[in-house]
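Q: Shown below is the structure under consideration.
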Amino acid sequence: MRAWVLLSAVLWYLTGVGWQRNSERTEKGFIYGNPGHPVKLYVKLHHNSPILVCMDLKRAEKETVDPTYLWVGPNEKPLTGNNKINITKTGKLMVKDFLEPLSGLYTCTLSYKTVKAETQEEKVVKQRYDFMIFVNPFAPGWKGKCNESVDCQDNTNHNILQARNRIEEFFRSQAYIFNHDFNKTLPAMHFVDHSFQIVRIDSCHPGFGKNEGLHSNCATCCVVCGPETFSPDVDVTCQTCVSIQIYGAKSCP
């Protein structure tokens with residue numbers, strides 16, 4: 001999250017990252033697996049994840065005989081469909097209304113049959129796909145300010161830019177009025193174009209931080225602190241605490 005100091009008011013500028021692009025994304029918005037390489041995704045807090053496909057693009061282009069799919073969540077237990085988890089018969093998964101505890105490793109095992117043309121011998125093949133899902137937060141206090149809007153971050157960013165433009169226009173119009181409409185006894189007021197500036201303050205919501213090494217493809221994102229780390233305030237660093245086993249911790253027991 002980025003914060004801007006605008007005159008004497010502190011306003012929050014929010015990054016618009018909902019999830020990170022990668023080479024396995026299709027035009028339909030599906031995210032395919034990549035054998036041997038975890039696919040990292042960044043989901044906005046209280047938004048749905050993209051649709052994850054238990055298959056890679058090369059396999060999807062071939063005929064797959066009798067496929068079965070097994071999804072396992074961050075708690076290392078098999079996932080079943082519920083009000084948070086949507087799993088289709090074709091192995092596609094979507095996590096609804098994403099929250100901090102839902103972060104972590106999602107694994108799918110695809111099982112299918114191959115048949116030798118000469119002998120008609122059947123063989124079961126298994127392939128594992130890993131997806132690491134992290135959450136990107138709202139700024140502190142802005143959930144209520146946006147009237148529960150699902151696009152709170154985007155709305156806030158738009159409003160901040162509008163506020164900056166309107167304040168700049170106010171000073172410009174006041175300078176014109178003082179110089180043209182009032183008598184010359186009032187002191188002159190001058191406004192120099194492009195002289196109005198905003199200052200960025202970098203911070204993250206408690207329980208979130210930035211880690212360029214771990215999240216190199218989303219280095220400026222505030223990402224939920226992982227297990228064995230925590231962030232108690234608006235700092236941008238997740239501190240070490242080996243006793244923590246959850247995502248989004250705000251204190252060290």
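Chain identifiers are assigned as A, B, and so on, following the order in which chains appear in the structure tokens; residues are numbered from 1 within each chain, and ligands are numbered from 1 in order of appearance.
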Pick out the residues sitting within 7 Å of Val39 in chain A, and hand them over as a ChimeraX atom specification; count only C-alpha atoms, and ignore anything fewer than 6 positions along from it in its own chain.
A: /A:33,130-132
Q: For Lys62 in chain A, please output as a ChimeraX atom specification all residues within 12 Å (counting only C-alpha atoms; exclusion window: fewer than 4 positions along the same chain).
A: /A:55-58,112,114
Q: Mind checking which residues fall within 10 Å of range 65-70 of chain A, counting only C-alpha atoms, ignoring those fewer than 4 positions away in the same chain, and posting them as a list in words?
A: Val53, Cys54, Met55, Pro78, Leu79, Thr80, Ile87, Thr88, Lys89, Thr90, Gly91, Lys92, Thr107, Cys108, Thr109, Leu110, Ser111, Tyr112, Lys113, Thr114, Val115, Val124, Val125, Lys126, Gln127 and Arg128 of chain A
Q: Check range 64-152 of chain A with DSSP on the backbone and list each residue it calls helix (DSSP H, G or I), as a list in words.
A: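 Matching residues, listed in order: Glu100, Pro101, Leu102, Trp142, Lys143, Gly144, Lys145 and Cys152 of chain A.
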Q: Can I get the selected residues back with N, CA and C atoms, as an mmCIF file, in the first residue's frame?
A:
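The resulting file, again-v9.cif, is shown below:
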data_model
loop_
_atom_site.group_PDB
_atom_site.id
_atom_site.type_symbol
_atom_site.label_atom_id
_atom_site.label_comp_id
_atom_site.auth_asym_id
_atom_site.auth_seq_id
_atom_site.Cartn_x
_atom_site.Cartn_y
_atom_site.Cartn_z
ATOM 1 N N GLU A 100 -7.003 -13.545 4.862
ATOM 2 C CA GLU A 100 -5.629 -13.902 5.212
ATOM 3 C C GLU A 100 -5.428 -15.394 5.489
ATOM 4 N N PRO A 101 -6.313 -16.036 6.307
ATOM 5 C CA PRO A 101 -6.068 -17.454 6.630
ATOM 6 C C PRO A 101 -6.148 -18.386 5.426
ATOM 7 N N LEU A 102 -6.708 -17.909 4.307
ATOM 8 C CA LEU A 102 -6.812 -18.745 3.115
ATOM 9 C C LEU A 102 -5.519 -18.752 2.299
ATOM 10 N N TRP A 142 -10.200 1.947 5.559
ATOM 11 C CA TRP A 142 -10.872 2.375 4.327
ATOM 12 C C TRP A 142 -12.009 1.462 3.908
ATOM 13 N N LYS A 143 -12.158 0.318 4.559
ATOM 14 C CA LYS A 143 -13.264 -0.553 4.213
ATOM 15 C C LYS A 143 -14.597 0.138 4.503
ATOM 16 N N GLY A 144 -14.692 0.788 5.673
ATOM 17 C CA GLY A 144 -15.916 1.509 6.016
ATOM 18 C C GLY A 144 -16.110 2.755 5.176
ATOM 19 N N LYS A 145 -15.010 3.429 4.829
ATOM 20 C CA LYS A 145 -15.093 4.648 4.047
ATOM 21 C C LYS A 145 -15.645 4.397 2.650
ATOM 22 N N CYS A 152 -12.992 -1.189 -3.223
ATOM 23 C CA CYS A 152 -12.606 -0.118 -2.309
ATOM 24 C C CYS A 152 -11.241 0.461 -2.658
#
Q: Give me the residues within 9 Å of Ile246 in chain A as a PyMOL selection string, counting only C-alpha atoms and dropping any in the same chain fewer than 6 places off.
A: chain A and resi 100-101+103+225-229
Q: Quick one, how far is CA of Asn211 in chain A from CA of Val236 in chain A?
A: 8.5 Å
Q: When you draw a straight line from CA of Gly29 in chain A to CA of Cys204 in chain A, how long is it in Å?
A: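 Atom-to-atom, CA of Gly29 in chain A and CA of Cys204 in chain A are spaced 28.1 Å apart.
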Q: Can you list, as a PyMOL selection string, every residue of range 31-127 of chain A that DSSP puts in strand (DSSP E)?
A: chain A and resi 31-32+39-44+51-53+65-72+85-87+92-95+104-115+122-127
Q: Counting only C-alpha atoms, figure out which residue out of A:Cys238, A:Lys250, A:Phe134, A:Ser203 gets nearest to Lys44 in chain A.
A: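 Checking each candidate against Lys44 in chain A, we get A:Phe134 as the closest.
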Q: Write out as a PDB file with C-alpha atoms, in the first residue's frame the residues lying within 12 Å of Lys84 in chain A, counting only C-alpha atoms and excluding same-chain residues fewer than 4 positions away.
A:
ATOM      1  CA  HIS A  46     -12.297  -9.804  -0.008  1.00  0.00           C
ATOM      2  CA  HIS A  47     -12.043 -10.559  -3.745  1.00  0.00           C
ATOM      3  CA  ASN A  48     -12.337 -13.898  -5.530  1.00  0.00           C
ATOM      4  CA  SER A  49      -9.223 -15.645  -6.734  1.00  0.00           C
ATOM      5  CA  LEU A  79     -10.593 -29.553  -0.399  1.00  0.00           C
ATOM      6  CA  THR A  80     -14.298 -29.967  -1.013  1.00  0.00           C
ATOM      7  CA  LEU A  93     -10.835 -24.162  -8.412  1.00  0.00           C
ATOM      8  CA  MET A  94     -11.800 -20.669  -7.248  1.00  0.00           C
ATOM      9  CA  VAL A  95     -11.538 -19.288  -3.711  1.00  0.00           C
ATOM     10  CA  LYS A  96     -14.279 -16.782  -2.875  1.00  0.00           C
ATOM     11  CA  ASP A  97     -13.989 -13.669  -0.660  1.00  0.00           C
ATOM     12  CA  PHE A  98     -10.274 -14.212  -0.034  1.00  0.00           C
ATOM     13  CA  LEU A  99      -9.053 -13.664   3.546  1.00  0.00           C
ATOM     14  CA  PRO A 101      -6.068 -17.454   6.630  1.00  0.00           C
ATOM     15  CA  LEU A 102      -6.812 -18.745   3.115  1.00  0.00           C
TER      16      LEU A 102
END
Q: Would you please work out which residue, of A:Phe208, A:Glu121, A:Val72, A:Arg164, is nearest to Ile85 in chain A when using only C-alpha atoms?
A: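 When distances to Ile85 in chain A are compared using only C-alpha atoms, the smallest one comes from A:Val72.
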Q: Rounded to one decimal place, report the CA of Tyr42 in chain A-CA of Tyr247 in chain A distance in Å.
A: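 We find that CA of Tyr42 in chain A and CA of Tyr247 in chain A lie 13.8 Å from each other.
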